[in-house]
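S.K.: Would you mind keeping the following structure in view while I ask a few things?
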Protein chains: 2
Amino acid sequence: MTNSQGISELVINRLPRYHRFLGELLSKGVQRISSRELSEKMGLTASQIRQDLNCFGGFGQQGYGYHIEQLRNEIGNILGLNKSNRAILIGAGNLGRAIASHMNFEGKGFRLIGIFDKKEALKGQIIKGLPIRHIDDLDEFCRENLPVCAILCIPQNDAYEICNALIHLGVKGFWNFSHYDLAVNHPEIAVENVHLGDSLMKLSYKIKND
Amino acid sequence: MTNSQGISELVINRLPRYHRFLGELLSKGVQRISSRELSEKMGLTASQIRQDLNCFGGFGQQGYGYHIEQLRNEIGNILGLNKSNRAILIGAGNLGRAIASHMNFEGKGFRLIGIFDKKEALKGQIIKGLPIRHIDDLDEFCRENLPVCAILCIPQNDAYEICNALIHLGVKGFWNFSHYDLAVNHPEIAVENVHLGDSLMKLSYKIKND
DNA sequence: TCCTCTTTGTTAAAAAATAATCAAATATAT
DNA sequence: ATATATTTGATTATTTTTTAACAAAGAGGA
């Protein structure tokens, strides 16, 4: 499966991992690396690394390899990590709060600007410096602050409706933790489903069949 | 890539999603479905559904389709969801607590039996009916209770050491939320890495390139 | 009961992804 | 300055995955 730029989804899936490994190397003071060395560290083939990177440009140099800092920056640019997309969190339950507190949005292309929940009781509580707002204020807040991304930590039943409303309010991307399988028709809307339950089931399979 | 049973990883990845969709249909009172109908709902081809299922057996019937409840049970059995693998959570920070509270382990093949953290201050606090124990008690607890699975919600730097210790204590599977890329050599150890940061970066790419 | 229509499981074809190969470019050592 | 070692980016081959096609089985209606 390929996206609008003709880049395979599988290639995109690997980019964050490259970024992560290059960051680790950098923090260890390593400055350059060959595709062969990196392939050994990451458990894939050198050929694949070179192919993946050459989808976006020739970042290496014959006889030398890749300059780690430069390559990492290139990958960061491809992923858009330098951006600061305004993001709002919908649902301040256990998971929502954990995502807000735990995730490092800056450096991954996002900035959290608002948190919403339908429970009146949570209103005003502060998380990561942001007050929880009531979901009724979502509309007004969006018109004023124009968030680009919404993080959905809400029950399955609420997801469809909220998602639709947010699309009309201009939200372009969804990080969806709800049990609902967000399948937006609009090709200009980006969705990243995180189904933790599916992941756990896969682990169950692997444990069972090892 | 295929696992020890010769089943492609990609097929396994799709099984939980089938299970989920069949569950939704069932809860709506639908009893039977054809691969064509299901393919339309799920946004893939009928051919793929039939191929996927036939990796494990012929669960359908010509001219009729699939009996939803029966098929869902079959998939559940394949995934091992009927099991009750003893699981422990390491790391009771924001994310760990959210996972413990939010996840429905029963029905996904697991049962949470212990929670550990290195912070003395958290000791004794109750989450989902389980007291947080100090990490120093991990060894003894494991010898007595023989957990099969560990959920790692710990910092990157601690992951490698803890993981190794747990393997020696008989843990067979890891649900890894740490930033560390758990790459266990032992083929009999199952690992499911959940890199939320990677997922967020992918969303950044998609938003940027839509 | 018989006929038609549906739908599976399987086989074959097509497409996509991965891995191997290699000429050209560059680093590094002598 | 030259020769040798590396290592990339691109091309080609291989493998894997997905899609299409179709015969055989069964459902459902006349």
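Residues in the structure tokens are numbered from 1 in each chain, the chains being A, B, ... in the order shown, and ligands are numbered from 1 in the order shown.
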I need the contact residues of chain A against chain B, so if you could list those with any atom within 8 Å, counting only C-alpha atoms, and return them as a ChimeraX atom specification, that would help.

M.R.: /A:4-5,12-13,16-17,78-81,94-95,97-99,101-104,108-110,172-175,187-192,194,197-210

S.K.: If you run DSSP on this backbone, which residues of range 71-186 of chain A come out as strand (DSSP E or B), and could you give them as a list of chain:residue names?

M.R.: A:Asn85, A:Arg86, A:Ala87, A:Ile88, A:Leu89, A:Ile90, A:Phe110, A:Arg111, A:Leu112, A:Ile113, A:Gly114, A:Ile115, A:Phe116, A:Asp117, A:Ile126, A:Ile127, A:Leu130, A:Pro131, A:Ile132, A:Arg133, A:His134, A:Cys149, A:Ala150, A:Ile151, A:Leu152, A:Gly173, A:Phe174, A:Trp175, A:Asn176

S.K.: Find the nearest atom pair between each residue of chain C and chain A for residues within 6 Å, count only C-alpha atoms (C1' of nucleotides), give distances in Å to one decimal, sort rows by chain and ascending number, and present the table as CSV.

M.R.:
residue,atom,partner,partner_atom,distance
C:DA25,C1',A:Gln62,CA,5.7
C:DT26,C1',A:Gly63,CA,4.9
C:DA27,C1',A:Gly63,CA,5.4

S.K.: Kindly save the residues from that selection, with all heavy atoms included, as an mmCIF file, in the first residue's frame.

M.R.:
data_model
loop_
_atom_site.group_PDB
_atom_site.id
_atom_site.type_symbol
_atom_site.label_atom_id
_atom_site.label_comp_id
_atom_site.auth_asym_id
_atom_site.auth_seq_id
_atom_site.Cartn_x
_atom_site.Cartn_y
_atom_site.Cartn_z
ATOM 1 P P DA C 25 31.428 8.085 -10.849
ATOM 2 O OP1 DA C 25 30.669 9.225 -11.388
ATOM 3 O OP2 DA C 25 32.735 7.694 -11.415
ATOM 4 O "O5'" DA C 25 31.610 8.325 -9.287
ATOM 5 C "C5'" DA C 25 30.459 8.420 -8.462
ATOM 6 C "C4'" DA C 25 30.911 8.430 -7.032
ATOM 7 O "O4'" DA C 25 31.396 7.124 -6.672
ATOM 8 C "C3'" DA C 25 32.046 9.414 -6.737
ATOM 9 O "O3'" DA C 25 31.679 10.195 -5.628
ATOM 10 C "C2'" DA C 25 33.252 8.528 -6.451
ATOM 11 C "C1'" DA C 25 32.598 7.248 -5.958
ATOM 12 N N9 DA C 25 33.350 6.019 -6.195
ATOM 13 C C8 DA C 25 33.909 5.583 -7.370
ATOM 14 N N7 DA C 25 34.504 4.415 -7.281
ATOM 15 C C5 DA C 25 34.331 4.058 -5.956
ATOM 16 C C6 DA C 25 34.739 2.936 -5.223
ATOM 17 N N6 DA C 25 35.421 1.904 -5.748
ATOM 18 N N1 DA C 25 34.410 2.872 -3.906
ATOM 19 C C2 DA C 25 33.718 3.900 -3.393
ATOM 20 N N3 DA C 25 33.282 5.015 -3.981
ATOM 21 C C4 DA C 25 33.618 5.031 -5.271
ATOM 22 P P DT C 26 32.389 11.533 -5.282
ATOM 23 O OP1 DT C 26 31.357 12.511 -4.858
ATOM 24 O OP2 DT C 26 33.352 11.845 -6.360
ATOM 25 O "O5'" DT C 26 33.206 11.123 -3.992
ATOM 26 C "C5'" DT C 26 32.504 10.541 -2.885
ATOM 27 C "C4'" DT C 26 33.466 9.765 -2.047
ATOM 28 O "O4'" DT C 26 33.992 8.635 -2.753
ATOM 29 C "C3'" DT C 26 34.710 10.528 -1.576
ATOM 30 O "O3'" DT C 26 34.499 10.902 -0.236
ATOM 31 C "C2'" DT C 26 35.870 9.551 -1.772
ATOM 32 C "C1'" DT C 26 35.133 8.241 -2.045
ATOM 33 N N1 DT C 26 35.863 7.224 -2.837
ATOM 34 C C2 DT C 26 36.242 6.052 -2.213
ATOM 35 O O2 DT C 26 36.024 5.811 -1.047
ATOM 36 N N3 DT C 26 36.908 5.150 -3.015
ATOM 37 C C4 DT C 26 37.214 5.309 -4.352
ATOM 38 O O4 DT C 26 37.811 4.439 -4.963
ATOM 39 C C5 DT C 26 36.789 6.555 -4.949
ATOM 40 C C7 DT C 26 37.092 6.816 -6.387
ATOM 41 C C6 DT C 26 36.140 7.445 -4.171
ATOM 42 P P DA C 27 35.527 11.624 0.641
ATOM 43 O OP1 DA C 27 34.841 12.519 1.584
ATOM 44 O OP2 DA C 27 36.591 12.152 -0.236
ATOM 45 O "O5'" DA C 27 36.122 10.408 1.465
ATOM 46 C "C5'" DA C 27 35.294 9.776 2.432
ATOM 47 C "C4'" DA C 27 36.047 8.591 3.030
ATOM 48 O "O4'" DA C 27 36.526 7.758 1.956
ATOM 49 C "C3'" DA C 27 37.265 8.987 3.849
ATOM 50 O "O3'" DA C 27 37.233 8.272 5.060
ATOM 51 C "C2'" DA C 27 38.461 8.610 2.971
ATOM 52 C "C1'" DA C 27 37.899 7.485 2.116
ATOM 53 N N9 DA C 27 38.456 7.400 0.769
ATOM 54 C C8 DA C 27 38.415 8.345 -0.214
ATOM 55 N N7 DA C 27 38.987 7.978 -1.349
ATOM 56 C C5 DA C 27 39.436 6.700 -1.077
ATOM 57 C C6 DA C 27 40.129 5.764 -1.866
ATOM 58 N N6 DA C 27 40.498 5.976 -3.139
ATOM 59 N N1 DA C 27 40.436 4.576 -1.304
ATOM 60 C C2 DA C 27 40.055 4.348 -0.043
ATOM 61 N N3 DA C 27 39.407 5.149 0.799
ATOM 62 C C4 DA C 27 39.119 6.326 0.216
#

S.K.: Between B:Gly23, B:Gly6, B:Gly170, B:Gly124, which has the minimum distance to Asn145 in chain B (counting only C-alpha atoms)?

M.R.: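 Using only C-alpha atoms, Asn145 in chain B sits closest to B:Gly170.
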
S.K.: Determine which residues of range 45-198 of chain A receive a DSSP assignment of helix (DSSP H, G or I), computed from the backbone, and state them as a ChimeraX atom specification.

M.R.: /A:46-54,68-79,94-102,120-122,135-145,156-168,196-198

S.K.: Output the contact residues of chain D with respect to chain A at a cut-off of 8 Å, based on only C-alpha atoms (C1' of nucleotides), as a PyMOL selection string.

M.R.: chain D and resi 6-9
